[in-house]
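What's in my_file.csv: CSV, C-alpha atoms and all ligand atoms
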chain,number,residue,atom,x,y,z
Z,10,MET,CA,-2.4,-17.4,-4.3
Z,11,ASN,CA,-3.2,-18.2,-0.7
Z,12,GLN,CA,-1.3,-15.9,1.6
Z,13,GLN,CA,-2.9,-17.2,4.7
Z,14,ARG,CA,-0.7,-19.0,7.2
Z,15,TYR,CA,-2.2,-21.3,9.8
Z,16,TRP,CA,-1.3,-21.8,13.4
Z,17,ASN,CA,-2.4,-24.5,15.8
Z,18,GLU,CA,-1.2,-23.5,19.3
Z,19,SER,CA,-2.0,-23.5,23.0
Z,20,ALA,CA,-3.5,-20.1,24.0
Z,21,LEU,CA,-4.6,-18.5,27.2
Z,22,VAL,CA,-7.7,-16.3,26.8
Z,23,LEU,CA,-7.0,-12.9,28.4
Z,24,LYS,CA,-10.1,-10.9,27.3
Z,25,ARG,CA,-13.0,-11.0,24.9
Z,26,TYR,CA,-15.4,-8.4,23.8
Z,27,SER,CA,-18.1,-7.9,21.2
Z,28,ALA,CA,-17.2,-7.1,17.6
Z,29,GLY,CA,-20.3,-6.3,15.6
Z,30,GLU,CA,-23.5,-8.3,15.9
Z,31,LYS,CA,-22.2,-11.8,15.6
Z,32,ASP,CA,-18.5,-11.8,16.2
Z,33,ARG,CA,-16.2,-11.5,19.2
Z,34,GLN,CA,-12.7,-10.1,19.4
Z,35,VAL,CA,-10.5,-12.1,21.7
Z,36,ILE,CA,-7.2,-11.2,23.2
Z,37,LEU,CA,-5.0,-14.3,23.4
Z,38,PHE,CA,-1.6,-15.0,24.9
Z,39,ILE,CA,-0.2,-17.7,22.7
Z,40,LYS,CA,2.7,-20.1,23.1
Z,41,GLY,CA,5.3,-19.3,20.4
Z,42,VAL,CA,3.4,-16.3,19.2
Z,43,GLY,CA,2.8,-13.9,22.1
Z,44,LYS,CA,-0.2,-11.6,22.7
Z,45,ILE,CA,-2.5,-11.1,19.8
Z,46,SER,CA,-6.1,-9.9,19.1
Z,47,ALA,CA,-8.1,-12.3,17.0
Z,48,LYS,CA,-11.6,-12.4,15.6
Z,49,ALA,CA,-13.8,-15.3,16.5
Z,50,ARG,CA,-16.6,-15.3,13.8
Z,51,GLY,CA,-20.1,-16.2,15.0
Z,52,ALA,CA,-18.9,-16.5,18.6
Z,53,LYS,CA,-21.9,-14.6,19.9
Z,54,ASN,CA,-24.2,-17.1,18.4
Z,55,LEU,CA,-25.5,-19.2,21.4
Z,56,THR,CA,-25.1,-22.4,19.5
Z,57,SER,CA,-21.5,-21.6,18.6
Z,58,PRO,CA,-18.9,-23.8,20.2
Z,59,PHE,CA,-16.8,-20.7,20.7
Z,60,VAL,CA,-19.1,-19.2,23.3
Z,61,SER,CA,-17.9,-21.1,26.4
Z,62,ARG,CA,-14.5,-22.1,25.2
Z,63,LEU,CA,-13.1,-18.6,24.5
Z,64,SER,CA,-13.7,-17.4,28.0
Z,65,PRO,CA,-11.0,-15.5,30.0
Z,66,LEU,CA,-8.8,-17.8,32.1
Z,67,ASN,CA,-9.4,-20.8,29.8
Z,68,GLU,CA,-6.4,-22.5,28.1
Z,69,CYS,CA,-7.4,-23.6,24.6
Z,70,ARG,CA,-5.9,-25.1,21.6
Z,71,VAL,CA,-6.8,-22.7,18.7
Z,72,LEU,CA,-6.6,-23.1,15.0
Z,73,MET,CA,-6.2,-19.7,13.5
Z,74,TYR,CA,-4.8,-18.0,10.5
Z,75,ARG,CA,-3.4,-14.6,9.7
Z,76,ALA,CA,-4.7,-12.8,6.6
Z,77,SER,CA,-2.2,-10.9,4.5
Z,78,SER,CA,-3.8,-7.8,5.9
Z,79,GLY,CA,-2.3,-8.9,9.3
Z,80,TYR,CA,-5.6,-9.7,11.0
Z,81,TRP,CA,-6.0,-12.9,12.9
Z,82,THR,CA,-9.0,-15.1,12.8
Z,83,ILE,CA,-9.8,-18.2,14.9
Z,84,THR,CA,-11.4,-21.0,13.0
Z,85,GLN,CA,-11.4,-23.8,15.6
Z,86,CYS,CA,-10.9,-24.0,19.3
Z,87,GLU,CA,-10.9,-26.8,21.9
Z,88,THR,CA,-10.5,-26.4,25.6
Z,89,ILE,CA,-7.3,-27.7,27.3
Z,90,ARG,CA,-8.1,-26.5,30.8
Z,91,GLU,CA,-10.8,-24.4,32.3
Z,92,PHE,CA,-10.1,-22.0,35.1
Z,93,SER,CA,-13.5,-20.5,35.0
Z,94,PRO,CA,-13.7,-17.8,37.7
Z,95,SER,CA,-17.5,-18.5,38.3
Z,96,THR,CA,-16.7,-21.8,39.9
Z,97,HIS,CA,-14.2,-20.3,42.3
Z,98,SER,CA,-14.2,-18.1,45.4
Z,99,THR,CA,-14.1,-14.3,44.9
Z,100,GLN,CA,-10.6,-14.3,46.1
Z,101,LYS,CA,-9.4,-17.0,43.7
Z,102,ALA,CA,-11.3,-15.5,40.8
Z,103,MET,CA,-9.8,-12.0,41.5
Z,104,ILE,CA,-6.3,-13.4,41.6
Z,105,GLY,CA,-6.8,-15.2,38.4
Z,106,LEU,CA,-8.2,-12.2,36.6
Z,107,THR,CA,-5.5,-9.9,38.0
Z,108,MET,CA,-2.9,-12.3,36.6
Z,109,LEU,CA,-4.5,-12.0,33.2
Z,110,ASP,CA,-4.4,-8.2,33.5
Z,111,ILE,CA,-0.8,-8.3,34.5
Z,112,ILE,CA,0.1,-10.4,31.4
Z,113,ASP,CA,-1.9,-8.1,29.2
Z,114,ARG,CA,-0.1,-5.0,30.5
Z,115,CYS,CA,3.4,-6.2,30.5
Z,116,SER,CA,3.5,-8.1,27.2
Z,117,GLU,CA,3.9,-6.5,23.8
Z,118,SER,CA,1.9,-7.6,20.8
Z,119,GLU,CA,3.4,-10.6,19.0
Z,120,HIS,CA,6.4,-10.7,21.2
Z,121,VAL,CA,7.0,-14.4,22.0
Z,122,ASN,CA,7.4,-15.0,25.7
Z,123,ASP,CA,7.0,-18.7,26.4
Z,124,PRO,CA,8.6,-18.6,29.9
Z,125,LEU,CA,5.8,-16.1,30.9
Z,126,TYR,CA,3.2,-18.4,29.3
Z,127,GLU,CA,4.5,-21.4,31.3
Z,128,VAL,CA,4.7,-19.6,34.6
Z,129,THR,CA,1.1,-18.3,34.1
Z,130,ILE,CA,-0.3,-21.7,33.3
Z,131,ASP,CA,1.6,-23.3,36.2
Z,132,THR,CA,0.3,-20.7,38.6
Z,133,LEU,CA,-3.3,-21.0,37.4
Z,134,GLU,CA,-3.0,-24.8,37.9
Z,135,LYS,CA,-1.8,-24.4,41.5
Z,136,LEU,CA,-4.4,-21.7,42.2
Z,137,ALA,CA,-7.2,-24.0,41.2
Z,138,SER,CA,-6.1,-26.6,43.8
Z,139,ILE,CA,-5.6,-24.2,46.7
Z,140,ASN,CA,-8.3,-23.4,49.2
Z,141,ASP,CA,-6.4,-21.5,51.8
Z,142,GLU,CA,-6.7,-17.8,51.2
Z,143,GLN,CA,-3.3,-17.0,52.7
Z,144,LYS,CA,-1.6,-19.5,50.4
Z,145,MET,CA,-3.5,-18.0,47.5
Z,146,GLU,CA,-1.9,-14.7,48.3
Z,147,GLN,CA,1.5,-16.2,48.7
Z,148,LEU,CA,1.1,-17.9,45.3
Z,149,PHE,CA,0.1,-14.5,43.8
Z,150,SER,CA,3.3,-13.0,45.3
Z,151,ILE,CA,5.5,-15.8,43.9
Z,152,PHE,CA,3.9,-15.3,40.5
Z,153,GLN,CA,4.8,-11.6,40.6
Z,154,VAL,CA,8.4,-12.4,41.5
Z,155,LYS,CA,8.6,-14.8,38.6
Z,156,VAL,CA,7.0,-12.3,36.2
Z,157,PHE,CA,9.5,-9.6,37.3
Z,158,GLU,CA,12.3,-12.1,36.9
Z,159,ILE,CA,11.2,-13.0,33.4
Z,160,LEU,CA,10.8,-9.3,32.4
Z,161,GLY,CA,14.3,-8.7,33.7
Z,162,ILE,CA,13.4,-6.1,36.2
Z,163,LEU,CA,14.1,-8.0,39.4
Z,164,PRO,CA,17.5,-7.1,40.8
Z,165,SER,CA,19.9,-9.8,41.8
Z,166,PHE,CA,19.5,-9.9,45.6
Z,167,SER,CA,22.9,-11.4,46.1
Z,168,HIS,CA,25.1,-9.3,43.8
Z,169,CYS,CA,25.7,-5.5,44.0
Z,170,THR,CA,23.5,-3.6,41.5
Z,171,ARG,CA,26.5,-1.3,40.7
Z,172,CYS,CA,29.6,-3.4,40.5
Z,173,HIS,CA,27.9,-6.8,40.2
Z,174,LYS,CA,30.2,-8.4,42.8
Z,175,LYS,CA,28.7,-11.0,45.0
Z,176,ILE,CA,28.0,-9.4,48.4
Z,177,ASP,CA,27.8,-10.7,51.9
Z,178,LEU,CA,24.1,-10.3,52.8
Z,179,ASP,CA,25.0,-10.2,56.5
Z,180,LYS,CA,27.2,-7.1,55.9
Z,181,ILE,CA,24.9,-4.9,53.8
Z,182,SER,CA,23.7,-1.7,55.3
Z,183,GLY,CA,20.7,-1.0,53.2
Z,184,TRP,CA,18.7,-2.3,50.3
Z,185,ASP,CA,15.4,-1.8,48.5
Z,186,MET,CA,13.6,-3.4,45.6
Z,187,MET,CA,15.5,-1.4,43.1
Z,188,GLN,CA,19.0,-1.9,44.3
Z,189,ILE,CA,21.3,-3.5,46.7
Z,190,THR,CA,24.8,-2.2,47.0
Z,191,CYS,CA,28.0,-3.5,48.5
Z,192,HIS,CA,29.9,-1.4,51.1
Z,193,ASP,CA,32.3,0.1,48.5
Z,194,CYS,CA,29.4,1.2,46.2
Z,195,GLU,CA,27.3,2.3,49.2
Z,196,LYS,CA,29.7,5.2,49.6
Z,197,PHE,CA,28.4,6.6,46.3
Z,198,ASN,CA,24.9,6.4,47.5
Z,199,PRO,CA,23.6,9.9,48.2
Z,200,LYS,CA,23.2,10.3,51.9
Z,201,ASN,CA,19.6,11.1,51.7
Z,202,HIS,CA,18.6,8.4,49.3
Z,203,ALA,CA,15.5,7.1,50.8
Z,204,ARG,CA,15.5,3.4,51.2
Z,205,GLU,CA,12.6,1.5,52.4
Z,206,THR,CA,14.3,-1.0,54.5
Z,207,PHE,CA,13.1,-4.5,55.1
Z,208,ASP,CA,14.5,-7.3,57.1
Z,209,LYS,CA,17.5,-8.9,55.4
Z,210,GLU,CA,15.9,-12.3,55.7
Z,211,TYR,CA,13.6,-11.1,52.9
Z,212,LEU,CA,16.6,-11.0,50.5
Z,213,LYS,CA,17.0,-14.7,51.0
Z,214,LEU,CA,13.3,-15.3,50.5
Z,215,LEU,CA,13.2,-13.3,47.3
Z,216,ASN,CA,16.3,-15.1,46.0
Z,217,TYR,CA,14.7,-18.4,46.8
Z,218,MET,CA,11.5,-17.6,45.0
Z,219,LYS,CA,13.5,-16.4,42.0
Z,220,LYS,CA,15.6,-19.6,41.7
Z,221,ASN,CA,13.1,-22.3,42.7
Z,222,VAL,CA,10.0,-23.7,41.1
Z,223,ILE,CA,6.7,-22.3,42.3
Z,224,GLU,CA,5.8,-25.5,44.1
Z,225,SER,CA,8.8,-25.2,46.5
Z,226,SER,CA,8.3,-21.5,47.3
Z,227,LEU,CA,4.7,-22.3,48.1
Z,228,LYS,CA,5.8,-24.7,50.8
Z,229,ILE,CA,7.5,-21.9,52.7
Z,230,SER,CA,5.4,-21.0,55.7
Z,231,LEU,CA,4.9,-17.2,55.9
Z,232,ASN,CA,3.0,-15.5,58.7
Z,233,ASN,CA,0.5,-12.8,58.1
Z,234,GLU,CA,3.1,-10.0,58.7
Z,235,GLN,CA,5.6,-11.5,56.3
Z,236,GLY,CA,2.9,-12.0,53.7
Z,237,LYS,CA,2.1,-8.3,54.0
Z,238,ASP,CA,5.7,-7.2,53.8
Z,239,LEU,CA,6.2,-9.2,50.7
Z,240,LYS,CA,3.2,-7.5,49.1
Z,241,ARG,CA,4.6,-4.1,50.0
Z,242,MET,CA,8.0,-4.9,48.5
Z,243,LEU,CA,6.4,-6.0,45.3
Z,244,LYS,CA,4.3,-2.9,45.2
Z,245,THR,CA,7.3,-0.7,45.3
Z,246,LEU,CA,8.7,-2.5,42.3
Z,247,TRP,CA,5.4,-2.1,40.4
Z,248,ASN,CA,5.3,1.6,41.1
Z,249,ALA,CA,8.7,2.0,39.4
Z,250,GLN,CA,7.4,0.5,36.1
Z,251,THR,CA,6.1,2.3,33.1
Z,252,PHE,CA,3.2,0.0,32.8
Z,253,SER,CA,0.5,0.8,35.3
Z,254,LEU,CA,-0.7,-1.5,38.0
Z,255,PRO,CA,-4.0,-3.3,37.2
Z,256,LYS,CA,-7.1,-1.7,38.8
Z,257,SER,CA,-8.1,-5.2,40.1
Z,258,PHE,CA,-4.9,-5.1,42.1
Z,259,ASP,CA,-6.4,-2.5,44.4
Z,260,VAL,CA,-9.7,-4.4,44.6
Z,261,LEU,CA,-7.7,-7.4,45.7
Z,262,GLU,CA,-6.0,-5.4,48.4
Z,263,SER,CA,-9.3,-4.0,49.6
Z,264,LEU,CA,-10.6,-7.6,50.1
Z,265,HIS,CA,-8.2,-7.8,53.0
Z,266,ALA,CA,-8.2,-4.3,54.3
S,1,ZN,ZN,29.4,-2.7,44.5

So that I can check it, write out the structure of this file as structure tokens.
Amino acid sequence: MNQQRYWNESALVLKRYSAGEKDRQVILFIKGVGKISAKARGAKNLTSPFVSRLSPLNECRVLMYRASSGYWTITQCETIREFSPSTHSTQKAMIGLTMLDIIDRCSESEHVNDPLYEVTIDTLEKLASINDEQKMEQLFSIFQVKVFEILGILPSFSHCTRCHKKIDLDKISGWDMMQITCHDCEKFNPKNHARETFDKEYLKLLNYMKKNVIESSLKISLNNEQGKDLKRMLKTLWNAQTFSLPKSFDVLESLHA
């Protein structure tokens, strides 16, 4: 009895590494499946069509099966889009690879997350067409806002975190990336609760990025200072998560230090 089941899906290659003399193990983020680790037999053979196709940042269509043992094997693969980092600037390549690292860290094995897949592909497509470094950074920030939103860890920036009532942004006294409270609930906030305060305009910006497509948020013109503030705000949210911040994130920061 054949217990193998076949899948033919779009996949983003997150990582690959050697597995034995001839094979490669590939970490894929797959539409309708989620993150999996699959074996690509003979992929280290130079004449294998797998060699160039199963590279990190490529979107491929893979034919694969899952053995009854639970192991995944890729049997065929064709490229849909190539986002090869070698053809891009260091900055662009670093952003692309850091995005993959983020996806890898915040997704669980075989946990379907198509919105995350769509946002990642959409961002990579935009990234490929941008040449302005400041816009690349802005795109990377928008991507993070979208990821946080999909993961459900981005607070509503227009409703009170405690009572969920809509609040008047012009009347709030304090907010941070973890919570924003109305005047009534603010009374329960311990006096010494340290809030890193940012301009209230940023609440509108974050809300806009949350609700609108990447394309529109990318059109907003941010100055250098605003771009930096946005990065700082996102960093505080990262630091509050159980999954760690990718190492490449720091490298990316140091490029502009
Ligand atoms: Zn409230």

Which residues, written as a PDB file with C-alpha atoms, in the coordinates of the input, have at least one atom at most 10 Å from Ser61 (chain Z), with only C-alpha atoms counted and residues fewer than 5 positions away on the same chain left out?
ATOM      1  CA  ALA Z  52     -18.900 -16.500  18.600  1.00  0.00           C
ATOM      2  CA  LEU Z  55     -25.500 -19.200  21.400  1.00  0.00           C
ATOM      3  CA  ASN Z  67      -9.400 -20.800  29.800  1.00  0.00           C
ATOM      4  CA  THR Z  88     -10.500 -26.400  25.600  1.00  0.00           C
ATOM      5  CA  GLU Z  91     -10.800 -24.400  32.300  1.00  0.00           C
ATOM      6  CA  SER Z  93     -13.500 -20.500  35.000  1.00  0.00           C
TER       7      SER Z  93
END

Identify, counting only C-alpha atoms and all ligand atoms, the protein, DNA and RNA residues located within 12 Å of ligand ZN 1 (chain S), and give them as a PyMOL selection string.
chain Z and resi 167-177+181+188-198

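CA of Asp131 (chain Z) lies 11.8 Å from CA of Phe92 (chain Z).
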
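Distances from Z:Leu212, Z:Val35, Z:Leu106, Z:Ile45 to Gly79 (chain Z) were compared using only C-alpha atoms, and the smallest one belongs to Z:Ile45.
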
Produce the centre coordinates and the three edge lengths, each in Å to one decimal, of the box along x, y and z that contains all listed atoms of region 249-254 of chain Z with 8 Å added on each side, as JSON.
{"center_x": 4.0, "center_y": 0.4, "center_z": 36.1, "size_x": 25.4, "size_y": 19.8, "size_z": 22.6}

Using only C-alpha atoms, which residues sit within 10 Å of Lys144 (chain Z) once same-chain residues fewer than 4 positions away are excluded, as a PyMOL selection string?
chain Z and resi 136+139-140+148-150+227-231+236

Could you jot down the CA of Ser57 (chain Z) to CA of Leu109 (chain Z) separation for me, Å, one decimal place?
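We find that CA of Ser57 (chain Z) and CA of Leu109 (chain Z) lie 24.4 Å from each other.
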
Would you mind listing what lies within 9 Å of Lys209 (chain Z) as a CSV table (one decimal) with C-alpha atoms, keeping the file's coordinate frame, with all atoms listed in the file counted and same-chain residues fewer than 5 positions away left out?
chain,number,residue,atom,x,y,z
Z,178,LEU,CA,24.1,-10.3,52.8
Z,179,ASP,CA,25.0,-10.2,56.5
Z,181,ILE,CA,24.9,-4.9,53.8
Z,183,GLY,CA,20.7,-1.0,53.2
Z,184,TRP,CA,18.7,-2.3,50.3

Give me, as an NGL selection string, all polymer residues having an atom no more than 9 Å from region 114-124 of chain Z, counting all atoms listed in the file and skipping those fewer than 4 positions away in the same chain.
:Z and (38-46 or 109-110 or 128-129 or 159-160 or 252-255)

Taking all atoms listed in the file into account, which of Z:Ser138, Z:Ser165, Z:Ser64, Z:Gln85 comes nearest His97 (chain Z)?
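Once distances to His97 (chain Z) are computed over all atoms listed in the file, the minimum belongs to Z:Ser138.
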
Can you work out which one of Z:Gln147, Z:Ser78, Z:Asn216, Z:Gln153 has the shortest atom-to-atom distance to Leu243 (chain Z), counting only C-alpha atoms?
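Result for the nearest residue to Leu243 (chain Z): Z:Gln153.
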
Would you pick out the contacts of region 98-104 of chain Z at 7 Å or less, using only C-alpha atoms, so that residues sharing its chain but fewer than 3 positions from it are not included, and give the list as JSON, numbers by chain?
{"Z": [94, 107, 108, 149, 261]}

Mind giving me the straight-line distance from CA of Ala249 (chain Z) to CA of Phe166 (chain Z) in Å, one decimal?
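Separation of CA of Ala249 (chain Z) and CA of Phe166 (chain Z): 17.2 Å.
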
Tell me which of Z:Glu234, Z:Asp32, Z:Glu210, Z:Glu18 sits closest to Gln143 (chain Z), counting all atoms listed in the file.
Z:Glu234

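Nearest to Asp185 (chain Z) of all the residues Z:Met218, Z:Leu163, Z:Met242, Z:Leu125 is Z:Met242, based on all atoms listed in the file.
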
From Z:Gly51, Z:Thr132, Z:Trp81, Z:Arg14, residue lying nearest Ala28 (chain Z) [all atoms listed in the file]
Z:Gly51
